[in-house]
file start.pdb (PDB, C-alpha atoms and all ligand atoms)
MODEL        1
ATOM      1  CA  MET A 216     -25.878  31.088  16.052  1.00  0.00           C
ATOM      2  CA  ARG A 217     -24.465  29.567  19.192  1.00  0.00           C
ATOM      3  CA  SER A 218     -25.490  26.078  18.302  1.00  0.00           C
ATOM      4  CA  VAL A 219     -23.951  26.374  14.813  1.00  0.00           C
ATOM      5  CA  ARG A 220     -20.609  27.444  16.289  1.00  0.00           C
ATOM      6  CA  GLY A 221     -20.676  24.532  18.648  1.00  0.00           C
ATOM      7  CA  LEU A 222     -21.170  22.234  15.703  1.00  0.00           C
ATOM      8  CA  VAL A 223     -17.972  23.213  13.891  1.00  0.00           C
ATOM      9  CA  PRO A 224     -15.497  21.568  16.289  1.00  0.00           C
ATOM     10  CA  ALA A 225     -17.720  18.520  16.444  1.00  0.00           C
ATOM     11  CA  VAL A 226     -17.683  18.165  12.667  1.00  0.00           C
ATOM     12  CA  LEU A 227     -13.923  18.703  12.569  1.00  0.00           C
ATOM     13  CA  ALA A 228     -13.405  16.059  15.241  1.00  0.00           C
ATOM     14  CA  ALA A 229     -15.560  13.628  13.311  1.00  0.00           C
ATOM     15  CA  GLY A 230     -13.471  14.328  10.199  1.00  0.00           C
ATOM     16  CA  VAL A 231     -10.246  13.564  12.052  1.00  0.00           C
ATOM     17  CA  LEU A 232     -11.691  10.346  13.424  1.00  0.00           C
ATOM     18  CA  LEU A 233     -12.842   9.283   9.976  1.00  0.00           C
ATOM     19  CA  SER A 234      -9.522  10.050   8.318  1.00  0.00           C
ATOM     20  CA  CYS A 235      -7.779   7.914  10.959  1.00  0.00           C
ATOM     21  CA  GLY A 236     -10.157   5.115  10.121  1.00  0.00           C
ATOM     22  CA  GLY A 237      -7.462   3.169   8.277  1.00  0.00           C
ATOM     23  CA  ALA A 238      -9.000   0.748   5.815  1.00  0.00           C
ATOM     24  CA  PHE A 239     -11.922   3.123   5.307  1.00  0.00           C
ATOM     25  CA  ALA A 240      -9.769   5.755   3.693  1.00  0.00           C
ATOM     26  CA  ALA A 241      -7.415   3.501   1.715  1.00  0.00           C
ATOM     27  CA  SER A 242      -7.411   4.259  -1.989  1.00  0.00           C
ATOM     28  CA  ALA A 243      -5.918   1.928  -4.583  1.00  0.00           C
ATOM     29  CA  GLU A 244      -5.561   4.800  -7.029  1.00  0.00           C
ATOM     30  CA  LYS A 245      -3.509   6.894  -4.604  1.00  0.00           C
ATOM     31  CA  GLY A 246      -1.656   3.743  -3.642  1.00  0.00           C
ATOM     32  CA  LYS A 247      -0.461   3.182  -7.177  1.00  0.00           C
ATOM     33  CA  ALA A 248       0.896   6.745  -7.255  1.00  0.00           C
ATOM     34  CA  ALA A 249       2.629   6.229  -3.890  1.00  0.00           C
ATOM     35  CA  PHE A 250       4.030   2.867  -5.056  1.00  0.00           C
ATOM     36  CA  ILE A 251       5.674   4.740  -7.942  1.00  0.00           C
ATOM     37  CA  GLN A 252       6.641   7.825  -5.950  1.00  0.00           C
ATOM     38  CA  HIS A 253       8.401   5.844  -3.209  1.00  0.00           C
ATOM     39  CA  GLY A 254      10.250   3.643  -5.680  1.00  0.00           C
ATOM     40  CA  CYS A 255       8.679   0.323  -4.585  1.00  0.00           C
ATOM     41  CA  TRP A 256       8.246  -0.546  -8.269  1.00  0.00           C
ATOM     42  CA  GLN A 257      11.966  -0.375  -8.908  1.00  0.00           C
ATOM     43  CA  CYS A 258      12.546  -3.579  -6.947  1.00  0.00           C
ATOM     44  CA  HIS A 259       9.062  -5.133  -6.895  1.00  0.00           C
ATOM     45  CA  GLY A 260       7.848  -4.341 -10.441  1.00  0.00           C
ATOM     46  CA  MET A 261       4.992  -2.059 -11.498  1.00  0.00           C
ATOM     47  CA  GLN A 262       2.347  -4.691 -10.690  1.00  0.00           C
ATOM     48  CA  GLY A 263       4.187  -5.892  -7.592  1.00  0.00           C
ATOM     49  CA  GLN A 264       5.064  -8.967  -9.674  1.00  0.00           C
ATOM     50  CA  GLY A 265       8.621  -9.050  -8.362  1.00  0.00           C
ATOM     51  CA  SER A 266      11.962  -8.729 -10.134  1.00  0.00           C
ATOM     52  CA  THR A 267      15.526  -9.799  -9.632  1.00  0.00           C
ATOM     53  CA  ALA A 268      15.763  -7.015  -7.007  1.00  0.00           C
ATOM     54  CA  GLY A 269      12.721  -7.912  -4.880  1.00  0.00           C
ATOM     55  CA  PRO A 270      10.062 -10.622  -4.316  1.00  0.00           C
ATOM     56  CA  LYS A 271       6.523 -10.404  -5.645  1.00  0.00           C
ATOM     57  CA  LEU A 272       4.012  -8.534  -3.474  1.00  0.00           C
ATOM     58  CA  ALA A 273       0.861  -9.338  -5.455  1.00  0.00           C
ATOM     59  CA  PRO A 274      -1.502 -10.981  -6.162  1.00  0.00           C
ATOM     60  CA  ASP A 275      -2.367 -12.284  -2.691  1.00  0.00           C
ATOM     61  CA  ALA A 276      -0.906  -9.326  -0.818  1.00  0.00           C
ATOM     62  CA  MET A 277      -0.035 -10.187   2.771  1.00  0.00           C
ATOM     63  CA  PRO A 278      -2.357  -8.904   5.541  1.00  0.00           C
ATOM     64  CA  ILE A 279      -2.009  -5.170   6.259  1.00  0.00           C
ATOM     65  CA  GLU A 280      -0.540  -5.780   9.753  1.00  0.00           C
ATOM     66  CA  THR A 281       2.281  -7.997   8.445  1.00  0.00           C
ATOM     67  CA  PHE A 282       2.815  -5.684   5.499  1.00  0.00           C
ATOM     68  CA  THR A 283       3.128  -2.564   7.654  1.00  0.00           C
ATOM     69  CA  ALA A 284       5.357  -4.263  10.209  1.00  0.00           C
ATOM     70  CA  PHE A 285       7.682  -5.474   7.459  1.00  0.00           C
ATOM     71  CA  VAL A 286       8.001  -2.154   5.630  1.00  0.00           C
ATOM     72  CA  ARG A 287       8.633  -0.251   8.878  1.00  0.00           C
ATOM     73  CA  THR A 288      11.173  -2.593  10.429  1.00  0.00           C
ATOM     74  CA  THR A 289      12.969  -4.543   7.698  1.00  0.00           C
ATOM     75  CA  ASN A 290      16.732  -4.184   7.786  1.00  0.00           C
ATOM     76  CA  ARG A 291      17.899  -6.694   5.229  1.00  0.00           C
ATOM     77  CA  ALA A 292      18.114  -6.093   1.461  1.00  0.00           C
ATOM     78  CA  MET A 293      15.156  -3.705   1.574  1.00  0.00           C
ATOM     79  CA  PRO A 294      15.633  -0.400   3.354  1.00  0.00           C
ATOM     80  CA  PRO A 295      13.074   0.310   6.118  1.00  0.00           C
ATOM     81  CA  TYR A 296      10.591   3.144   5.407  1.00  0.00           C
ATOM     82  CA  SER A 297       9.905   5.212   8.525  1.00  0.00           C
ATOM     83  CA  GLU A 298       6.662   7.096   9.002  1.00  0.00           C
ATOM     84  CA  ALA A 299       8.534  10.341   8.309  1.00  0.00           C
ATOM     85  CA  ILE A 300       9.287   9.143   4.775  1.00  0.00           C
ATOM     86  CA  LEU A 301       6.140   7.151   4.052  1.00  0.00           C
ATOM     87  CA  SER A 302       2.957   8.021   5.975  1.00  0.00           C
ATOM     88  CA  ASN A 303       0.623   5.343   7.350  1.00  0.00           C
ATOM     89  CA  GLY A 304      -2.021   6.617   4.938  1.00  0.00           C
ATOM     90  CA  ASP A 305       0.261   6.148   1.919  1.00  0.00           C
ATOM     91  CA  LEU A 306       1.238   2.687   3.135  1.00  0.00           C
ATOM     92  CA  GLU A 307      -2.429   1.670   3.500  1.00  0.00           C
ATOM     93  CA  ASP A 308      -3.088   3.013   0.008  1.00  0.00           C
ATOM     94  CA  ILE A 309      -0.168   1.008  -1.392  1.00  0.00           C
ATOM     95  CA  HIS A 310      -1.579  -2.109   0.267  1.00  0.00           C
ATOM     96  CA  ALA A 311      -5.013  -1.328  -1.224  1.00  0.00           C
ATOM     97  CA  TYR A 312      -3.393  -1.000  -4.655  1.00  0.00           C
ATOM     98  CA  LEU A 313      -1.617  -4.362  -4.305  1.00  0.00           C
ATOM     99  CA  GLN A 314      -4.919  -5.980  -3.330  1.00  0.00           C
ATOM    100  CA  THR A 315      -6.507  -4.851  -6.610  1.00  0.00           C
ATOM    101  CA  ILE A 316      -3.939  -6.670  -8.742  1.00  0.00           C
ATOM    102  CA  PRO A 317      -5.674  -9.658 -10.324  1.00  0.00           C
ATOM    103  CA  LYS A 318      -4.341 -13.188 -10.368  1.00  0.00           C
ATOM    104  CA  PRO A 319      -2.918 -14.264 -13.712  1.00  0.00           C
ATOM    105  CA  ALA A 320      -5.084 -16.487 -15.912  1.00  0.00           C
ATOM    106  CA  GLU A 321      -5.151 -20.096 -14.669  1.00  0.00           C
ATOM    107  CA  SER A 322      -3.626 -21.399 -17.854  1.00  0.00           C
ATOM    108  CA  ILE A 323      -2.624 -20.283 -21.292  1.00  0.00           C
ATOM    109  CA  PRO A 324      -4.432 -22.598 -23.747  1.00  0.00           C
ATOM    110  CA  LEU A 325      -1.639 -22.427 -26.318  1.00  0.00           C
ATOM    111  CA  LEU A 326       0.810 -23.880 -23.798  1.00  0.00           C
ATOM    112  CA  ASN A 327      -1.442 -26.854 -23.064  1.00  0.00           C
ATOM    113  CA  GLN A 328      -1.329 -28.331 -26.562  1.00  0.00           C
TER
HETATM  114  C1  LIG A 401      15.979  -1.418  -3.083  1.00  0.00           C
HETATM  115  C2  LIG A 401      14.964  -2.385  -3.473  1.00  0.00           C
HETATM  116  C3  LIG A 401      13.599  -2.314  -2.777  1.00  0.00           C
HETATM  117  C4  LIG A 401      12.737  -1.251  -2.666  1.00  0.00           C
HETATM  118  C5  LIG A 401      12.932   0.158  -3.215  1.00  0.00           C
HETATM  119  C6  LIG A 401      11.574  -1.740  -1.972  1.00  0.00           C
HETATM  120  N1  LIG A 401      11.742  -3.059  -1.645  1.00  0.00           N
HETATM  121 FE1  LIG A 401      10.398  -4.230  -0.663  1.00  0.00          FE
HETATM  122  N2  LIG A 401      11.751  -5.775  -0.651  1.00  0.00           N
HETATM  123  C7  LIG A 401      12.992  -5.762  -1.283  1.00  0.00           C
HETATM  124  C8  LIG A 401      13.675  -7.019  -1.042  1.00  0.00           C
HETATM  125  C9  LIG A 401      15.052  -7.413  -1.566  1.00  0.00           C
HETATM  126  C10 LIG A 401      12.791  -7.797  -0.240  1.00  0.00           C
HETATM  127  C11 LIG A 401      13.045  -9.212   0.330  1.00  0.00           C
HETATM  128  C12 LIG A 401      13.235  -9.163   1.806  1.00  0.00           C
HETATM  129  C13 LIG A 401      14.531  -8.552   2.228  1.00  0.00           C
HETATM  130  O1  LIG A 401      15.565  -9.185   2.082  1.00  0.00           O
HETATM  131  O2  LIG A 401      14.528  -7.404   2.746  1.00  0.00           O
HETATM  132  C14 LIG A 401      11.597  -6.985  -0.037  1.00  0.00           C
HETATM  133  C15 LIG A 401      10.472  -7.407   0.661  1.00  0.00           C
HETATM  134  C16 LIG A 401       9.297  -6.687   0.781  1.00  0.00           C
HETATM  135  C17 LIG A 401       8.119  -7.173   1.449  1.00  0.00           C
HETATM  136  C18 LIG A 401       7.960  -8.545   2.114  1.00  0.00           C
HETATM  137  C19 LIG A 401       7.599  -9.542   1.039  1.00  0.00           C
HETATM  138  C20 LIG A 401       7.481 -10.954   1.564  1.00  0.00           C
HETATM  139  O3  LIG A 401       6.785 -11.739   0.894  1.00  0.00           O
HETATM  140  O4  LIG A 401       8.079 -11.265   2.599  1.00  0.00           O
HETATM  141  C21 LIG A 401       7.175  -6.187   1.372  1.00  0.00           C
HETATM  142  C22 LIG A 401       5.763  -6.231   1.918  1.00  0.00           C
HETATM  143  C23 LIG A 401       7.798  -5.083   0.655  1.00  0.00           C
HETATM  144  N3  LIG A 401       9.071  -5.426   0.311  1.00  0.00           N
HETATM  145  C24 LIG A 401       7.152  -3.893   0.364  1.00  0.00           C
HETATM  146  C25 LIG A 401       7.766  -2.789  -0.214  1.00  0.00           C
HETATM  147  C26 LIG A 401       7.131  -1.496  -0.379  1.00  0.00           C
HETATM  148  C27 LIG A 401       5.691  -1.183  -0.011  1.00  0.00           C
HETATM  149  C28 LIG A 401       8.065  -0.660  -0.933  1.00  0.00           C
HETATM  150  C29 LIG A 401       7.939   0.806  -1.238  1.00  0.00           C
HETATM  151  C30 LIG A 401       7.490   1.654  -0.136  1.00  0.00           C
HETATM  152  C31 LIG A 401       9.283  -1.450  -1.127  1.00  0.00           C
HETATM  153  N4  LIG A 401       9.060  -2.722  -0.681  1.00  0.00           N
HETATM  154  C32 LIG A 401      10.454  -0.965  -1.675  1.00  0.00           C
HETATM  155  C33 LIG A 401      13.526  -4.712  -2.016  1.00  0.00           C
HETATM  156  C34 LIG A 401      12.972  -3.446  -2.119  1.00  0.00           C
ENDMDL
END

call {"tool": "encode", "arguments": {"input": "start.pdb", "output": "structure tokens", "more": "lines below"}}
Ligand code: HEC
result
Amino acid sequence: MRSVRGLVPAVLAAGVLLSCGGAFAASAEKGKAAFIQHGCWQCHGMQGQGSTAGPKLAPDAMPIETFTAFVRTTNRAMPPYSEAILSNGDLEDIHAYLQTIPKPAESIPLLNQ
């Protein structure tokens, strides 16, 4: 019995460590939901393709470090998102979602005639 009790905190601690594991936990599916929930799509488009209100974010999403630094500290046309509004986990998920967006086809045959 004693040894089992001792195991519980150890397992919990391992769980916390794993959930802080950044890239490990990032989910593109959750990221898409967060991208919608936090209104990113309103300026950057549903596929991160950009619009008149914001530049394109995908394909070729910027590295996670640059991405996070920008979203947290920007103070120009885009409002900064603090951790209180948008958690690190959600931000990593959004980045994972942007990374799944495929590049457009190289060329459209009809336009090459
Ligand atoms: C109100 C419109 C608006 C919203 C909402 C918005 N953005 Fe932006 N975003 C911009 C604009 C405009 C820029 C161009 C840089 C600037 O002037 O701030 C930008 C730039 C960026 C960039 C840098 C792109 C580059 O190539 O330099 C990233 C990354 C980004 N946004 C991510 C996000 C994410 C993630 C969200 C949602 C959490 C979001 N944005 C929500 C308007 C918006």

call {"tool": "residues_near_ligand", "arguments": {"input": "start.pdb", "ligand": "ligand LIG 401 (chain A)", "cutoff": "8 Å", "atoms": "only C-alpha atoms and all ligand atoms", "output": "PyMOL selection string"}}
result
chain A and resi 249-250+253-259+268-272+276-277+281-283+285-286+289-294+296+301+306+309-310

call {"tool": "resolve_selection", "arguments": {"input": "start.pdb", "expression": "the PyMOL selection byres (((chain A and resi 307) around 8) and not hetatm)", "output": "list in words"}}
result
Gly237, Ala238, Ala241, Ser242, Gly246, Ile279, Asn303, Gly304, Asp305, Leu306, Asp308, Ile309, His310 and Ala311 of chain A

call {"tool": "residues_around", "arguments": {"input": "start.pdb", "residues": "range 314-316 of chain A", "least_positions_apart": "5", "cutoff": "7 Å", "atoms": "all atoms listed in the file", "output": "PyMOL selection string"}}
result
chain A and resi 262+273-276

call {"tool": "atom_distance", "arguments": {"input": "start.pdb", "atom1": "CA of Lys245 in chain A", "atom2": "CA of Met261 in chain A"}}
result
14.1 Å
